[in-house]
Amino acid sequence: MSVHEYTMLLLALGILLFAARALGELADRFGQPTVLGEIAAGIVLGPTVLGRIAPDTAAWLFSLNGPRGTAMDGLFLLAIVLFMLVAGLEVDLSTVWRQGKSAAFVGIAGTVAPFAIGFAVAWIAPGWLGYDEGTSRFIFAMFIATALSISALPVIAKTLMDLGLYYSDLGMVVISAAMFSDVVGWILFALILSLMDVEAVHSGGIGTTILLVLGFAAMMLTVVRWAIHRGLPWVQAHTSFPGGMLGLAFATALCCAAFTEWAGVHAIFGAFLAGVAIGDSPRFRNHTRTIIRQFVSSFFAPLFFASIGLKVDFLAHFDLPLMLIVIALACVSKILACGFAGTMAQLPRREAWAVAFALNARGAMEIILGLLALRYGVINERLFVALVVMALVTSVLSGISIPAVLKHAKRRKIEDFLSSKTYAGELRGATLQDAIRELSANVALAAGLESSALSGATLEREEIASTALGNGVAVPHARLADAKAFCVGAGISRTGIDFNAPDGKPAHVLFLLVSPQQDDGAQLDILADVADRFSDPAFYEKAAAAGSYTEFLAVLRTRGN
């Protein structure tokens with residue numbers, strides 16, 4: 001490239017990143033997914049808006065042809081590969097295995113039912129979904145089925161965190177089911193990719209490509225996953241933090257992406273499986289995961305999602321009837337399947353439907369699927385635009401619907417269940433296990449339980465996923481059928497206890513929640529209450545400095561509403 005082309009490339013990327021970050025932050029301020037603002041930035045700077053108002057300026061700034069277009073495509077490929085690494089890091093297979101029948105039942109139903117419905121509609125009435133003659137109807141139907149069955153794990157996780165529900169039992173059911181859906185969906189889509197572009201498959205043919213994909217997935221989820229788990233202590237002990245772990249994660253993702261691209265499917269599949277293999281290890285710290293997520297989400301992800309608007313004219317290809325059909329099909333198939341499955345798995349009715357609305361979010365995953373299908377000619381621009389709108393609508397609907405479904409007449413607060421008998425004061429234990437045993441000793445009597453049974457159940461729950469909220473707070477909890485009532489215990493650790501928090505900080509304020517099998521949403525209310533109050537650093541400092549139960553209760557009541 002010439003000096004002029006390098007200059008224009010850097011200028012275009014700078015403008016695109018600035019606009020994407022600005023509109024992403026604006027969307028976040030209004031409680032919407034940041035991807036909504038990032039895509040909007042591309043729409044404004046692309047053929048949809050700027051291309052109509054000032055076509056010469058749009059072509060001058062964002063030319064997608066020639067060496068500059070090739071360089072931008074390479075950067076966008078790197079962006080999507082790293083984004084899929086982050087998506088994979090969010091998948092914790094051990095959480096799926098440990099969560100139990102509720103998550104398994106919801107995950108299977110929420111994947112199989114939308115897949116079957118989507119395939120049937122696309123096969124029987126493809127014209128309803130914008131099918132173009134000349135495209136393989138089978139591949140088209142398989143794509144629609146996969147697109148309807150998959151969920152957007154990153155969007156779901158952020159929505160639950162914003163609502164203070166991520167660490168609840170409901171949150172774990174949702175996350176486990178979404179993980180199952182993601183892994184199955186991306187393996188299916190990898191197989192579809194191998195059929196989309198015959199010229200890109202491995203030289204041994206489509207059969208060889210499919211065998212390579214399945215073999216690679218099996219190896220990544222077993223042998224490589226085990227090897228990474230065993231090797232992480234060495235990396236952590238002999239390399240600087242966080243550089244060593246970041247280097248391992250990025251290098252593994254790029255090598256795996258290169259393999260799947262060579263095998264005949266898209267590079268994103270390799271990056272996703274690399275993320276699953278790395279992130280599944282309990283030795284991979286949540287703080288490292290947060291650093292990678294923030295880095296990719298601040299630079300690469302905005303560039304990629306903004307680039308979508310540069311490639312497609314959303315106004316020219318906007319088809320309202322098609323969009324409504326796609327949204328209705330996506331919502332009905334996912335919500336009904338997950339809602340009925342949750343009810344049959346004996347989740348409380350409100351929680352079952354909250355799980356269903358949470359899993360209905362498609363977000364960035366749907367957009368990536370659609371973009372690849374558009375690239376390979378499986379779908380046209382009209383259906384792609386409808387899928388993008390559906391992804392954004394379902395993500396927004398998820399955040400609105402969950403609190404509405406769970407709404408109680410009166411939001412319960414920490415002090416409603418805390419008492420001097422369940423307050424442990426200064427915790428003496430230096431480890432997570434010791435702290436939970438101390439808290440359990442106080443709370444067990446109030447809940448009508450044996451202390452050892454309560455501490456054992458709480459530690460078992462902690463193995464599924466850390467209950468550290470960050471900012472010095474952790475909320476270990478357990479649900480036991482023998483518990484007589486919902487109880488809350490609290491304690492202060494002056495030295496701090498490592499709960500594997502996302503921000504890497506030790507926990508100084510601990511709450512122990514004990515729930516009977518049916519608690520009428522009390523656990524959800526208290527988790528949301530803790531997350532809300534302790535998001536304020538000044539409030540946290542006052543609570544952590546409390547010297548007695550009376551002082552601690554007084555701090556709680558200073559911000560009781």
# chains A, B, ... in the order shown; residues from 1 in each chain; ligands from 1
$ residues_around --residues "Ala330 in chain A" --least-positions-apart "3" --cutoff "6 Å" --atoms "only C-alpha atoms" --output "number ranges by chain"
A: 148, 327, 333
$ residues_around --residues "His229 in chain A" --least-positions-apart "2" --cutoff "9 Å" --atoms "only C-alpha atoms" --output "ChimeraX atom specification"
/A:224-227,231-233,277-278,280-284
$ residues_around --residues "Arg289 in chain A" --least-positions-apart "4" --cutoff "9 Å" --atoms "only C-alpha atoms" --output "list of chain:residue names"
A:Val86, A:Leu89, A:Glu90, A:Gly279, A:Phe284, A:Arg285, A:Arg293, A:Gln294, A:Pro502
$ write_last_selection --atoms "N, CA and C atoms" --output "JSON list (two decimals), in the first residue's frame"
[["chain", "number", "residue", "atom", "x", "y", "z"],
["A", 86, "VAL", "N", -13.51, -14.76, 23.24],
["A", 86, "VAL", "CA", -14.18, -14.26, 24.45],
["A", 86, "VAL", "C", -15.48, -15.03, 24.69],
["A", 89, "LEU", "N", -14.60, -18.30, 26.16],
["A", 89, "LEU", "CA", -14.14, -18.20, 27.55],
["A", 89, "LEU", "C", -15.30, -18.14, 28.54],
["A", 90, "GLU", "N", -16.46, -17.66, 28.07],
["A", 90, "GLU", "CA", -17.62, -17.58, 28.94],
["A", 90, "GLU", "C", -18.25, -18.95, 29.19],
["A", 279, "GLY", "N", -11.07, -21.50, 29.08],
["A", 279, "GLY", "CA", -11.93, -20.93, 30.12],
["A", 279, "GLY", "C", -12.57, -21.96, 31.03],
["A", 284, "PHE", "N", -8.06, -21.05, 35.54],
["A", 284, "PHE", "CA", -8.07, -19.83, 34.74],
["A", 284, "PHE", "C", -8.85, -18.78, 35.52],
["A", 285, "ARG", "N", -8.16, -17.77, 36.01],
["A", 285, "ARG", "CA", -8.74, -16.81, 36.93],
["A", 285, "ARG", "C", -9.79, -15.94, 36.25],
["A", 293, "ARG", "N", -11.78, -9.92, 28.10],
["A", 293, "ARG", "CA", -13.08, -9.44, 27.63],
["A", 293, "ARG", "C", -13.07, -7.93, 27.43],
["A", 294, "GLN", "N", -12.50, -7.20, 28.38],
["A", 294, "GLN", "CA", -12.48, -5.74, 28.27],
["A", 294, "GLN", "C", -11.62, -5.27, 27.10],
["A", 502, "PRO", "N", -14.12, -11.44, 39.66],
["A", 502, "PRO", "CA", -13.81, -10.96, 38.31],
["A", 502, "PRO", "C", -12.77, -9.84, 38.30]]
$ closest_residue --among "A:Val443, A:Leu527, A:Leu383, A:Leu512" --to "Lys413 in chain A" --atoms "only C-alpha atoms"
A:Leu527
$ closest_atom_pairs --of "range 321-436 of chain A" --to "range 152-156 of chain A" --cutoff "10 Å" --atoms "only C-alpha atoms" --output "Markdown table"
| residue | atom | partner | partner_atom | distance |
| --- | --- | --- | --- | --- |
| A:Phe357 | CA | A:Ile156 | CA | 9.9 |
| A:Ala358 | CA | A:Ile156 | CA | 6.3 |
| A:Leu359 | CA | A:Ile156 | CA | 7.0 |
| A:Asn360 | CA | A:Ala152 | CA | 8.4 |
| A:Ala361 | CA | A:Ala152 | CA | 5.9 |
| A:Arg362 | CA | A:Ala152 | CA | 4.5 |
| A:Gly363 | CA | A:Ala152 | CA | 5.4 |
| A:Ala364 | CA | A:Ala152 | CA | 6.4 |
| A:Met365 | CA | A:Ala152 | CA | 5.3 |
| A:Glu366 | CA | A:Ala152 | CA | 7.3 |
| A:Ile367 | CA | A:Ala152 | CA | 9.9 |
| A:Ala391 | CA | A:Ala152 | CA | 8.9 |
| A:Thr394 | CA | A:Ala152 | CA | 10.0 |
| A:Ser395 | CA | A:Val155 | CA | 7.1 |
| A:Val396 | CA | A:Val155 | CA | 9.8 |
| A:Ser398 | CA | A:Ile156 | CA | 8.2 |
| A:Gly399 | CA | A:Ile156 | CA | 8.7 |
